[in-house]
Amino acid sequence: MTNLIRLHTFHGGIHPAENKQQSTGRAIQPAPLPPQLVLPLHQHIGAPAVPLVQAGDKVLKGQLIADADGFVSVPLHAPTSGHIAAIEPRPVPHASGLEETCIVIEPDGNDEWTEHTGLRQALSVDHLEDITPQQLTDHIRRCGIAGMGGAGFPSAVKLAVGKTPVHTLILNGAECEPYITADDMLMRERAEEVIHGAQILLHIIGAQRCLIGVEDNKPEAIEALNSALKKLNEEHHIDVVTIPTKYPSGGEKQLIKILTGEEVPAGGIPASLGIVCQNVGTAAAIYRAVEMGEPLISRITTLTGDSVSQPGNFEVLIGTPVSHLLSLAGYRPQSRERVIMGGPMMGFALPHTDLPVIKTTNCLLAPTEKELPTNEFAMACIRCGMCAEACPAELLPQQLYWFSKGQEFSKAEQHNLFDCIECGACSYVCPSHIPLVQYYRFAKGAIREEREAQAKSERARQRYEERLARKEREEAEKEARRKARAAAAEAAQKEKKAAASGDTAASPQADPDELEKLQKKLDAAQTAKTKTQEKLDAAKADDSLADKIPAFEAALAKTQDKIKALAKEIAAAKKAAKAAQNAAQSGEPAATATDKGDPNSPERLKRKWETALARLETAQKRLEQAKAEGSDTVPALEEGIAKQQARVDEAKAAYDASLNGGEVNGDAPAPAEKTAEEKAAETEALQKKILAQKDRVAKMQERHDMAKADGLDTVDALAGGVKKQQDKLQQLEQELAALNASAAATTEHEAS
Amino acid sequence: MGLLTLSSPHTHGPNSTGKVMATVALACLPGIAVMTAFFGWGTLINLALAIATALTSEALIVKIRRRPVSFFLKDNSALVTGLLLGLALPPFAPFWVTMVATSFAVVFSKQLYGGMGNNPFNPAMVGYALVLVSFPVQLTTSWALSGQMSGMDTASFSDTLQIIFAGQKELADAFTGATPLDAYKHLIVKGTATDVLAEDTFNGWLNGGWEWMNIAFLAGGLVLLWRRIITWHIPVAMLAALSLCSLVIGWDEDMYTPLYLHLLSGATMLGAFFIATDPVTASTTPLGKLIYGAGVGILIYMIRTWGAYPDAVAFAVLLMNFAAPFIDAYTQPRSYGHEKARRGLPEKD
């Protein structure tokens with residue numbers, strides 16, 4: 001088939017020595033079973049797989065041993081039969097050098113397959129077209145297929161295309177990296193599998209055409225693909241497109257540009273252009289999965305470099321140790337030896353060879369020092385711009401280098417650092433031999449870290465603001481409730497006054513009980529005074545408490561004021577009592593209980609009961625509301641309701657009693673509010689708390705000052721702490737003030 | 001087994017900075033040959049002196065900076081600085097002028113900024129500007145007349161040595177004279193183009209040396225383009241801007257220096273291909289290079305026409321050096337996958 005596609009070109013690119021002929025001399029050979037297979041759970045982009053087996057389990061070849069964890073993940077299958085030796089962290093081929101969980105299989109040598117059938121057979125249909133794309137995609141996912149070109153992106157995810165209709169499937173057979181010939185040999189020897197894979201993929205994504213891009217340095221592969229296409233006795237829309245050899249034409253973005261002239265938007269995916277791109281190896285694996293039901297358990301890997309005497313391509317079980325494979329190819333380690341997983345441009349130099357082959361391992365390159373020299377010292381950048389001419393992403397590598405080196409990351413981002421595909425073309429052409437890509441990796445890493453830190457602090461800020469808002473809201477609600485209560489109380493007061501005004505007597509009220517209560521309060525206050533005085537003396541004696549003296553003095557002064565106030569009230573009450581007595585003696589019905597004036601009259605009791613009942617109802621309503629909103633005030637409200645219920649019962653009992661016997665229980669319906677004694681105790685507790693809090697504030701302030709003086713970076717955090725403690729103190733003081741006010745109100749109320 | 005774990009790429013092209021600089025030096029050879037043929041030994045003695053001074057200064061300052069001397073000499077940048085100054089200075093310039101210019105270029109305008117790659121200004125042009133401003137007499141009266149123009153042979157090797165090192169004034173007078181640009185600028189005020197061109201300085205168009213020298217540097221520049229050491233942007237923009245100014249403003253050759261003299265006289269071609277293209281101090285983006293080159297061309301025309309100096313490459317280049325970082329910030333190319341280029345400075349910086 002002739003090349004009918006108009007080709008485009010991408011900017012830049014280089015022509016490094018190809019070095020492919022070394023490994024294409026021999027046919028693909030199956031690598032013998034190694035003594036052990038190490039299968040990392042994370043060989044792909046996305047979440048690691050979850051093991052389904054345990055150490056000691058027997059497994060068969062092709063058996064599912066770890067399942068995908070979520071959408072962007074792929075499962076893992078046993079590459080041969082044997083038993084699980086361990087599931088433990090092992091070194092994996094990753095630049096981080098960290099260990100990751102691996103399933104270790106000890107082969108039994110039988111290589112016994114688990115039951116597997118092709119999807120058509122399994123669904124008992126005759127034609128591929130009878131299987132739905134969803135069924136196919138699910139099957140591909142179950143078979144553990146991830147992009148075999150290098151990145152290892154889960155293939156099923158790529159096929160689950162979004163809203164944009166896909167018009168073109170691109171199969172990437174460019175294989176532009178020097179030395180690697182795995183795809184080349186696959187296309188030469190298994191062209192039908194690639195073509196059938198393309199047909200399956202076309203059916204899944206519903207594209208109108210498929211373009212297989214192959215560089216013109218692989219004439220045998222192009223020939224094989226074309227003859228496989230000819231053998232297809234049906235209409236097809238698959239074209240093998242010969243593209244000029246230029247690194248990195250095999251980059252997904254570059255290949256798309258070459259074949260379609262379109263550019264994948266920065267930060268976007270090919271699907272947004274209606275294009276899906278898959279590696280030819282992936283297509284072949286998909287064919288085997290769909291037609292034979294074989295999961296991805298092996299791949300073709302190139303072994304090459306001058307340090308191996310028999311370079312070639314091997315069909316390798318996933319999990320085979322690199323050392324095992326190297327020995328197959330006649331590996332003789334040299335001094336300053338490197339073993340590179342991948343090609344010389346983008347490959348990753350392994351720290352040692354006790355690492356497994358994974359689904360993305362397309363090449364193991366063991367070059368000699370002479371072949372790929374290492375000892376080149378970088379000279380200064382002279383901004384010659386050769387890198388910019390070579391850059392396939394049309395960046396300005398010379399500028400990115402300056403910004404990365406100078407850690408001017410915002411400028412580096414402005415210069416589209418994140419569009420860098422790390423192809424290494426810039427480093428390759430750099431006359432000063434600067435390891436440019438390394439600088440970009442560093443800058444990208446630093447920027448990512450910065451972004452994460454920023455996101456974290458942003459989350460913290462939001463949390464803080466939400467908390468503030470919540471507090472404010474709660475405060476406002478409290479305030480509103482307080483006002484409502486105050487208004488209700490006022491109204492009640494007015495009503496009471498209105499009731500009392502119909503009555504000439506009992507003003508001021510002179511209840512001997514009241515007098516007694518006041519007396520008690522006075523006693524309590526005096527006790528408090530004595531205690532405070534004692535404390536004050538103790539503080540004065542003890543130097544360590546010296547800083548508390550002013551607080552005690554203040555407390556003492558307050559108590560004294562209170563005593564004075566109480567004494568006054570008592571005097572007034574006594575006076576009133578006398579006046580009332582006088583009035584009674586003069587025959588006026590001053591204090592005699594009229595129905596309305598008597599607090600224990602059935603009518604008043606009834607009103608009290610009704611008020612309590614109304615309050616109970618309001619509280620219940622509030623509780624329901626709180627429950628509906630899922631508010632955390634529910635328990636408090638429930639407690640309140642229980643108390644209110646008790647009050648209602650009490651009020652009712654009192655009322656009933658007054659109706660029944662006309663007897664009045666003097667102690668009954670205790671006022672809802674706390675007595676002055678209780679309040680005094682509470683005040684004292686609160687004051688204690690305030691003192692402790694003041695202490696805390698001082699300590700925090702001290703730490704903050706020290707940190708500030710030392711220039712520590714904890715200053716901000718400590719400043720926050722000081723503020724927090726101060727806020728707490730303020731809150732306590734407010735509470736105290738409120739308590740004092742209410743205590744005053746109580747005394748007033750009780751005195752009135 | 002411990003393996004080397006280097007970061008990718010693991011292979012490298014055959015290019016090196018030393019080779020780049022050596023290619024630049026080699027591309028100067030046609031120009032050097034023509035200059036020697038027309039103006040005598042002065043050029044070669046100048047070059048030897050300048051290169052020796054440059055290498056010695058570089059070695060000394062690198063040593064003082066406690067850097068490996070041979071590693072830094074290998075980049076050949078001092079060689080090129082010395083070479084360019086040797087070509088730019090008048091052939092009969094006193095030896096100390098050459099030495100002051102070269103050592104200042106290497107030590108002050110390059111190494112004190114941190115060495116190669118870190119200097120904001122073209123070192124050779126800084127050295128040239130320094131001596132031009134400091135020693136104007138020596139710089140303007142030391143230009144050699146070509147053999148053809150003076151109607152006699154060029155100065156002998158020993159005469160040249162005497163003029164340069166012993167400052168033989170009388171001897172020098174026989175071989176030195178005004179440059180064509182200088183002569184035209186001053187004579188056209190008094191007469192017409194025909195009168196001016198009748199002068200000895202111009203007697204023999206394409207026979208006088210300056211034209212051939214410029215053509216030789218143009219040829220060397222094309223070699224640099226072919227070897228992809230430089231790109232076309234700066235030379236083309238510079239020559240185009242200079243031509244445009246000359247055609248629009250100086251179309252009347254009875255009033256202004258004509259275009260062919262602008263292009264083929266003075267340091268025009270040396271400047272366009274060898275000096276303005278210094279990558280360290282020039283703009284680095286494709287569009288930026290065009291703007292930068294055009295700026296150099298316009299400034300050359302302005303200074304040659306209205307300025308005090310007959311030639312202007314050094315000042316024009318230095319002035320545009322100031323602008324290069326600014327130009328770069330606003331001329332970023334469009335990257336793959338972007339609808340348009342991102343230009344200007346980052347929003348928050």
# chains A, B, ... in the order shown; residues from 1 in each chain; ligands from 1
>>> interface_residues(of="chain A", to="chain B", cutoff="7 Å", atoms="only C-alpha atoms", output="PyMOL selection string")
chain A and resi 263-266+336-338+344-352+372+380-385+393-395+410-411+414+424+428-429+431-432+438
>>> residues_around(residues="B:Ser103", least_positions_apart="3", cutoff="8 Å", atoms="only C-alpha atoms", output="VMD selection string")
chain B and resid 53 to 54 57 99 to 100 106 to 108 127
>>> write_last_selection(atoms="N, CA and C atoms", output="PDB file, in the first residue's frame")
ATOM      1  N   THR B  53      47.900  37.667  24.477  1.00  0.00           N
ATOM      2  CA  THR B  53      47.433  38.406  25.657  1.00  0.00           C
ATOM      3  C   THR B  53      46.157  37.773  26.217  1.00  0.00           C
ATOM      4  N   ALA B  54      45.244  37.427  25.310  1.00  0.00           N
ATOM      5  CA  ALA B  54      43.965  36.857  25.754  1.00  0.00           C
ATOM      6  C   ALA B  54      44.192  35.554  26.510  1.00  0.00           C
ATOM      7  N   SER B  57      45.973  36.239  29.882  1.00  0.00           N
ATOM      8  CA  SER B  57      45.060  36.842  30.866  1.00  0.00           C
ATOM      9  C   SER B  57      44.069  35.805  31.381  1.00  0.00           C
ATOM     10  N   MET B  99      47.094  45.235  23.881  1.00  0.00           N
ATOM     11  CA  MET B  99      47.174  44.475  25.123  1.00  0.00           C
ATOM     12  C   MET B  99      46.153  44.950  26.159  1.00  0.00           C
ATOM     13  N   VAL B 100      46.017  46.272  26.250  1.00  0.00           N
ATOM     14  CA  VAL B 100      45.026  46.809  27.197  1.00  0.00           C
ATOM     15  C   VAL B 100      43.622  46.340  26.814  1.00  0.00           C
ATOM     16  N   VAL B 106      39.094  40.199  28.474  1.00  0.00           N
ATOM     17  CA  VAL B 106      39.047  38.866  29.083  1.00  0.00           C
ATOM     18  C   VAL B 106      38.805  38.963  30.590  1.00  0.00           C
ATOM     19  N   VAL B 107      39.576  39.816  31.254  1.00  0.00           N
ATOM     20  CA  VAL B 107      39.514  39.849  32.714  1.00  0.00           C
ATOM     21  C   VAL B 107      38.247  40.549  33.199  1.00  0.00           C
ATOM     22  N   PHE B 108      38.038  41.769  32.725  1.00  0.00           N
ATOM     23  CA  PHE B 108      36.946  42.546  33.300  1.00  0.00           C
ATOM     24  C   PHE B 108      35.597  42.213  32.713  1.00  0.00           C
ATOM     25  N   GLY B 127      36.355  45.610  25.194  1.00  0.00           N
ATOM     26  CA  GLY B 127      37.761  45.971  25.082  1.00  0.00           C
ATOM     27  C   GLY B 127      37.969  47.029  24.007  1.00  0.00           C
TER      28      GLY B 127
END
>>> residues_around(residues="B:Gly31", least_positions_apart="4", cutoff="6 Å", atoms="only C-alpha atoms", output="count of residues only")
3
>>> residues_around(residues="A:Pro35", least_positions_apart="6", cutoff="10 Å", atoms="only C-alpha atoms", output="VMD selection string")
chain A and resid 105 to 109 320 to 321 324
>>> select_by_dssp(residues="stretch 255-344 of chain B", states="helix (DSSP H, G or I)", output="PDB file with C-alpha atoms, in the first residue's frame")
ATOM      1  CA  LEU B 259      24.723  51.695   0.721  1.00  0.00           C
ATOM      2  CA  TYR B 260      27.579  49.730  -0.829  1.00  0.00           C
ATOM      3  CA  LEU B 261      30.051  51.518   1.398  1.00  0.00           C
ATOM      4  CA  HIS B 262      27.939  50.747   4.440  1.00  0.00           C
ATOM      5  CA  LEU B 263      27.843  47.082   3.565  1.00  0.00           C
ATOM      6  CA  LEU B 264      31.324  46.543   2.231  1.00  0.00           C
ATOM      7  CA  THR B 268      30.074  45.470   8.702  1.00  0.00           C
ATOM      8  CA  MET B 269      30.456  41.830   7.708  1.00  0.00           C
ATOM      9  CA  LEU B 270      32.768  40.959  10.590  1.00  0.00           C
ATOM     10  CA  GLY B 271      30.172  42.514  12.845  1.00  0.00           C
ATOM     11  CA  ALA B 272      27.195  40.846  11.213  1.00  0.00           C
ATOM     12  CA  PHE B 273      28.527  37.293  11.247  1.00  0.00           C
ATOM     13  CA  PHE B 274      31.162  37.163  13.971  1.00  0.00           C
ATOM     14  CA  ILE B 275      30.444  39.844  16.536  1.00  0.00           C
ATOM     15  CA  PRO B 286      14.313  33.355  16.901  1.00  0.00           C
ATOM     16  CA  LEU B 287      12.159  36.475  16.909  1.00  0.00           C
ATOM     17  CA  GLY B 288      14.431  38.074  19.490  1.00  0.00           C
ATOM     18  CA  LYS B 289      17.419  37.525  17.239  1.00  0.00           C
ATOM     19  CA  LEU B 290      15.645  39.342  14.430  1.00  0.00           C
ATOM     20  CA  ILE B 291      14.844  42.293  16.664  1.00  0.00           C
ATOM     21  CA  TYR B 292      18.322  42.268  18.119  1.00  0.00           C
ATOM     22  CA  GLY B 293      20.007  42.133  14.704  1.00  0.00           C
ATOM     23  CA  ALA B 294      17.781  44.866  13.340  1.00  0.00           C
ATOM     24  CA  GLY B 295      18.589  46.987  16.372  1.00  0.00           C
ATOM     25  CA  VAL B 296      22.298  46.580  15.765  1.00  0.00           C
ATOM     26  CA  GLY B 297      21.841  47.516  12.102  1.00  0.00           C
ATOM     27  CA  ILE B 298      19.829  50.630  12.895  1.00  0.00           C
ATOM     28  CA  LEU B 299      22.257  51.763  15.596  1.00  0.00           C
ATOM     29  CA  ILE B 300      25.214  51.241  13.255  1.00  0.00           C
ATOM     30  CA  TYR B 301      23.562  53.446  10.689  1.00  0.00           C
ATOM     31  CA  MET B 302      22.690  56.133  13.195  1.00  0.00           C
ATOM     32  CA  ILE B 303      26.137  56.296  14.755  1.00  0.00           C
ATOM     33  CA  ARG B 304      27.915  56.185  11.408  1.00  0.00           C
ATOM     34  CA  THR B 305      25.712  58.931  10.018  1.00  0.00           C
ATOM     35  CA  TRP B 306      25.132  61.268  12.948  1.00  0.00           C
ATOM     36  CA  VAL B 313      29.744  48.114  15.316  1.00  0.00           C
ATOM     37  CA  ALA B 314      31.162  48.040  18.844  1.00  0.00           C
ATOM     38  CA  PHE B 315      28.770  50.591  20.302  1.00  0.00           C
ATOM     39  CA  ALA B 316      25.772  49.243  18.421  1.00  0.00           C
ATOM     40  CA  VAL B 317      26.443  45.722  19.655  1.00  0.00           C
ATOM     41  CA  LEU B 318      27.051  46.847  23.236  1.00  0.00           C
ATOM     42  CA  LEU B 319      23.861  48.905  23.282  1.00  0.00           C
ATOM     43  CA  MET B 320      21.847  45.964  22.023  1.00  0.00           C
ATOM     44  CA  ASN B 321      23.525  43.709  24.605  1.00  0.00           C
ATOM     45  CA  PHE B 322      21.710  45.796  27.203  1.00  0.00           C
ATOM     46  CA  ALA B 323      18.418  45.072  25.517  1.00  0.00           C
ATOM     47  CA  ALA B 324      18.912  41.350  24.887  1.00  0.00           C
ATOM     48  CA  PRO B 325      17.441  39.969  28.159  1.00  0.00           C
ATOM     49  CA  PHE B 326      14.435  42.243  27.777  1.00  0.00           C
ATOM     50  CA  ILE B 327      13.922  41.214  24.169  1.00  0.00           C
ATOM     51  CA  ASP B 328      14.163  37.544  25.134  1.00  0.00           C
ATOM     52  CA  ALA B 329      11.444  37.894  27.742  1.00  0.00           C
TER      53      ALA B 329
END
>>> residues_around(residues="B:Gly82", least_positions_apart="5", cutoff="8 Å", atoms="only C-alpha atoms", output="PyMOL selection string")
chain B and resi 47+50-55+102+124
>>> write_last_selection(atoms="C-alpha atoms", output="compact mmCIF listing (two decimals), in the first residue's frame")
# COMPACT_ATOMS: atom_id res chain seq x y z
CA LEU B 47 46.39 38.86 16.01
CA ALA B 50 45.96 39.84 20.98
CA ILE B 51 45.62 36.07 21.13
CA ALA B 52 48.71 35.71 23.32
CA THR B 53 47.43 38.41 25.66
CA ALA B 54 43.97 36.86 25.75
CA LEU B 55 45.23 33.38 26.58
CA THR B 102 42.43 42.33 25.13
CA ALA B 124 35.84 41.89 22.53
>>> residues_around(residues="A:His139", least_positions_apart="5", cutoff="8 Å", atoms="only C-alpha atoms", output="VMD selection string")
chain A and resid 119 289 to 290
>>> write_last_selection(atoms="N, CA and C atoms", output="PDB file, in the first residue's frame")
ATOM      1  N   LEU A 119     -12.321 -14.396  23.714  1.00  0.00           N
ATOM      2  CA  LEU A 119     -13.558 -13.743  24.127  1.00  0.00           C
ATOM      3  C   LEU A 119     -14.736 -14.173  23.249  1.00  0.00           C
ATOM      4  N   ALA A 289      -5.039 -11.215  23.900  1.00  0.00           N
ATOM      5  CA  ALA A 289      -5.995 -11.236  25.011  1.00  0.00           C
ATOM      6  C   ALA A 289      -7.399 -11.556  24.500  1.00  0.00           C
ATOM      7  N   VAL A 290      -7.780 -10.909  23.412  1.00  0.00           N
ATOM      8  CA  VAL A 290      -9.151 -11.063  22.918  1.00  0.00           C
ATOM      9  C   VAL A 290      -9.332 -12.403  22.205  1.00  0.00           C
TER      10      VAL A 290
END
>>> closest_residue(among="A:Arg6, A:His415, A:His77, A:Lys359", to="A:Val241", atoms="only C-alpha atoms")
A:Arg6
>>> residues_around(residues="B:Tyr184", least_positions_apart="6", cutoff="12 Å", atoms="only C-alpha atoms", output="PyMOL selection string")
chain B and resi 178+190-202+253-258+261-262+265-266+304-305+310-311
>>> atom_distance(atom1="atom CA of B:Ala59", atom2="atom CA of B:Leu73")
7.1 Å
